[in-house]
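Student: Structure below; questions to follow.
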Amino acid sequence: MRSILAKVAKPASVAALAIAALAVAPAAGAAPETGATITAADINPAAGTFTTLSDGDLAIQGAGDGTPAGAVQWFKNHMGSTAYQGLCEKAVENAYGTTGVWASANAHWNGASPKHTTGTPPKGSFVYWNISQWGHVGIADGSGGIYASSIGGKIGHASSVHYFNNYRGWTPAAVPHR
């Protein structure tokens with residue numbers, strides 16, 4: 001009986017988190033990230049390859065489980081989605097099963113610690129760029145690449161943290177909090 005409950009409880013928990021993530025709005029008074037535009041000047045595709053999936057290949061899953069591996073899996077599950085264009089901070093927060101913590105990627109970078117500007121970001125860590133009015137953030141794959149929105153106009157994977165210009169650095173993997 002315990003085995004059956006364990007198999008049912010985890011998917012039910014993930015589904016509940018997904019529903020909660022859709023229902024939670026950003027914190028009152030927070031500056032909206034909507035409209036944050038990444039332009040061609042912000043991208044350096046020669047620094048690495050990138051991939052996205054077509055809309056037909058999308059498999060929408062629930063929010064991440066709060067672990068670095070779960071955050072990476074969330075991005076893999078959302079490859080090709082355009083729903084997070086201009087909402088990179090929301091995407092990385094949703095990947096960790098939360099939302100509405102930071103108003104923008106810049107606010108996240110300014111509030112998170114410790115900050116690292118060298119080295120390969122570990123799997124699931126937050127990776128930041130100083131581009132657009134709101135900045136940009138993605139999740140490290142652990143091999144020098146990143147998952148983020150605005151890769152080829154969709155959620156995608158780039159093989160280098162230098163896919164976007166003005167790389168700031170990274171902060172450790174953790175469920176976003178203040």
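In the structure tokens, chains take the letters A, B, ... in the order shown, each chain's residues start at 1, and ligands count up from 1 in the order shown.
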Identify, on the basis of only C-alpha atoms, every residue whose closest approach to Thr117 of chain A does not exceed 10 Å; exclude the query and any residue fewer than 3 positions from it along the same chain; express the result as a list in words.
Tutor: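 Near Thr117 of chain A, the qualifying residues are Thr120, Pro121, Val127, Tyr128, Tyr167, Arg168, Gly169, Trp170 and Thr171 of chain A.
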Student: Go through segment 102-157 of chain A residue by residue and, counting only C-alpha atoms, keep those with an atom at most 12 Å from segment 163-166 of chain A; for each kept residue give the shortest atom pair and its distance in Å to one decimal, ordered by chain and increasing number, as a tab-separated table.
Tutor:
residue	atom	partner	partner_atom	distance
A:Thr117	CA	A:Asn166	CA	11.5
A:Val127	CA	A:Phe164	CA	10.6
A:Tyr128	CA	A:Asn166	CA	8.8
A:Trp129	CA	A:Asn166	CA	5.4
A:Asn130	CA	A:Asn166	CA	5.3
A:Ile131	CA	A:Asn166	CA	6.6
A:Ser132	CA	A:Asn166	CA	10.3
A:Gly135	CA	A:Asn166	CA	9.7
A:His136	CA	A:Phe164	CA	8.8
A:Val137	CA	A:Phe164	CA	10.1
A:Gly138	CA	A:Phe164	CA	10.5
A:Gly144	CA	A:Tyr163	CA	10.7
A:Gly145	CA	A:Tyr163	CA	8.6
A:Ile146	CA	A:Tyr163	CA	8.7
A:Tyr147	CA	A:Tyr163	CA	10.6
A:Ala148	CA	A:Phe164	CA	10.2
A:Ser149	CA	A:Phe164	CA	11.1
A:Ser150	CA	A:Phe164	CA	9.5
A:Ile151	CA	A:Tyr163	CA	8.5
A:Gly152	CA	A:Tyr163	CA	10.6
A:Gly156	CA	A:Tyr163	CA	11.3
A:His157	CA	A:Tyr163	CA	9.6
Student: With only C-alpha atoms as the counted atoms, please give the residues lying no more than 9 Å from Ala107 of chain A, apart from itself and same-chain residues fewer than 4 positions off, as a PDB file with N, CA, C and O atoms, in the first residue's frame.
Tutor:
ATOM      1  N   TRP A 102      11.502  37.668  -7.098  1.00  0.00           N
ATOM      2  CA  TRP A 102      12.273  38.823  -7.559  1.00  0.00           C
ATOM      3  C   TRP A 102      11.522  39.490  -8.714  1.00  0.00           C
ATOM      4  O   TRP A 102      10.943  38.810  -9.555  1.00  0.00           O
ATOM      5  N   ALA A 103      11.591  40.809  -8.780  1.00  0.00           N
ATOM      6  CA  ALA A 103      10.879  41.558  -9.821  1.00  0.00           C
ATOM      7  C   ALA A 103      11.547  41.448 -11.184  1.00  0.00           C
ATOM      8  O   ALA A 103      10.895  41.611 -12.206  1.00  0.00           O
ATOM      9  N   GLY A 111      20.286  40.907  -5.303  1.00  0.00           N
ATOM     10  CA  GLY A 111      19.908  40.389  -3.998  1.00  0.00           C
ATOM     11  C   GLY A 111      20.493  39.041  -3.633  1.00  0.00           C
ATOM     12  O   GLY A 111      20.492  38.658  -2.470  1.00  0.00           O
ATOM     13  N   ALA A 112      20.982  38.304  -4.611  1.00  0.00           N
ATOM     14  CA  ALA A 112      21.492  36.950  -4.352  1.00  0.00           C
ATOM     15  C   ALA A 112      22.970  36.978  -3.981  1.00  0.00           C
ATOM     16  O   ALA A 112      23.702  37.899  -4.346  1.00  0.00           O
ATOM     17  N   TRP A 134      15.961  45.150 -17.696  1.00  0.00           N
ATOM     18  CA  TRP A 134      15.706  44.272 -16.557  1.00  0.00           C
ATOM     19  C   TRP A 134      16.785  43.225 -16.343  1.00  0.00           C
ATOM     20  O   TRP A 134      16.706  42.447 -15.405  1.00  0.00           O
ATOM     21  N   GLY A 135      17.799  43.173 -17.210  1.00  0.00           N
ATOM     22  CA  GLY A 135      18.798  42.121 -17.128  1.00  0.00           C
ATOM     23  C   GLY A 135      18.252  40.837 -17.730  1.00  0.00           C
ATOM     24  O   GLY A 135      17.167  40.808 -18.307  1.00  0.00           O
TER      25      GLY A 135
END
Student: Write out as a PDB file with N, CA, C and O atoms, in the first residue's frame which residues come within 9 Å of Tyr84 of chain A when counting only C-alpha atoms, dropping same-chain ones fewer than 3 positions away.
Tutor:
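Saved file around.pdb follows:
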ATOM      1  N   SER A  81       9.086  26.727 -25.898  1.00  0.00           N
ATOM      2  CA  SER A  81       7.961  27.555 -25.465  1.00  0.00           C
ATOM      3  C   SER A  81       8.283  29.039 -25.627  1.00  0.00           C
ATOM      4  O   SER A  81       9.372  29.488 -25.301  1.00  0.00           O
ATOM      5  N   LEU A  87      10.065  37.247 -19.752  1.00  0.00           N
ATOM      6  CA  LEU A  87       9.783  36.816 -18.383  1.00  0.00           C
ATOM      7  C   LEU A  87      10.834  35.819 -17.891  1.00  0.00           C
ATOM      8  O   LEU A  87      10.518  34.803 -17.275  1.00  0.00           O
ATOM      9  N   CYS A  88      12.092  36.123 -18.126  1.00  0.00           N
ATOM     10  CA  CYS A  88      13.158  35.182 -17.778  1.00  0.00           C
ATOM     11  C   CYS A  88      13.201  34.885 -16.285  1.00  0.00           C
ATOM     12  O   CYS A  88      13.415  33.744 -15.883  1.00  0.00           O
ATOM     13  N   GLU A  89      12.995  35.906 -15.461  1.00  0.00           N
ATOM     14  CA  GLU A  89      13.021  35.679 -14.008  1.00  0.00           C
ATOM     15  C   GLU A  89      11.890  34.753 -13.587  1.00  0.00           C
ATOM     16  O   GLU A  89      12.087  33.857 -12.763  1.00  0.00           O
ATOM     17  N   LYS A  90      10.730  34.936 -14.169  1.00  0.00           N
ATOM     18  CA  LYS A  90       9.596  34.054 -13.859  1.00  0.00           C
ATOM     19  C   LYS A  90       9.938  32.621 -14.261  1.00  0.00           C
ATOM     20  O   LYS A  90       9.620  31.677 -13.533  1.00  0.00           O
ATOM     21  N   ALA A  91      10.589  32.453 -15.405  1.00  0.00           N
ATOM     22  CA  ALA A  91      10.953  31.112 -15.868  1.00  0.00           C
ATOM     23  C   ALA A  91      11.899  30.428 -14.886  1.00  0.00           C
ATOM     24  O   ALA A  91      11.670  29.272 -14.514  1.00  0.00           O
ATOM     25  N   SER A 149      15.183  31.641 -21.523  1.00  0.00           N
ATOM     26  CA  SER A 149      14.251  32.174 -22.517  1.00  0.00           C
ATOM     27  C   SER A 149      15.069  33.017 -23.491  1.00  0.00           C
ATOM     28  O   SER A 149      16.244  33.306 -23.239  1.00  0.00           O
ATOM     29  N   SER A 150      14.478  33.400 -24.585  1.00  0.00           N
ATOM     30  CA  SER A 150      15.103  34.266 -25.594  1.00  0.00           C
ATOM     31  C   SER A 150      16.280  33.631 -26.319  1.00  0.00           C
ATOM     32  O   SER A 150      17.143  34.326 -26.836  1.00  0.00           O
ATOM     33  N   LYS A 154      12.785  31.604 -28.085  1.00  0.00           N
ATOM     34  CA  LYS A 154      12.039  30.626 -27.299  1.00  0.00           C
ATOM     35  C   LYS A 154      12.897  30.173 -26.127  1.00  0.00           C
ATOM     36  O   LYS A 154      14.067  30.518 -26.036  1.00  0.00           O
ATOM     37  N   ILE A 155      12.323  29.349 -25.247  1.00  0.00           N
ATOM     38  CA  ILE A 155      13.152  28.677 -24.250  1.00  0.00           C
ATOM     39  C   ILE A 155      14.020  27.690 -25.010  1.00  0.00           C
ATOM     40  O   ILE A 155      13.531  26.922 -25.845  1.00  0.00           O
TER      41      ILE A 155
END
Student: Tell me which of A:Asn44, A:Thr99, A:Ser160, A:Thr67 sits closest to Lys123 of chain A, counting only C-alpha atoms.
Tutor: A:Thr67
Student: Taking only C-alpha atoms into account, which of A:Pro114, A:Pro172, A:Pro45, A:Gly80 comes nearest Pro68 of chain A?
Tutor: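 Counting only C-alpha atoms, the residue closest to Pro68 of chain A is A:Pro172.
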Student: Using only C-alpha atoms for the distances, tell me which of A:Ile139, A:Ala174, A:Ala69, A:Ala46 is nearest to His162 of chain A.
Tutor: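 Among the listed residues, the smallest separation from His162 of chain A belongs to A:Ala46.
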Student: If I take atom CA of Gly64 of chain A and atom CA of Ser125 of chain A, how far is one from the other in Å, to one decimal?
Tutor: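 It comes out at 13.7 Å.
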Student: I'd like to know which of A:Val101, A:Ile38, A:Ala158, A:Val175 is closest to Gly70 of chain A, using only C-alpha atoms.
Tutor: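 Closest residue, counting only C-alpha atoms: A:Val175.
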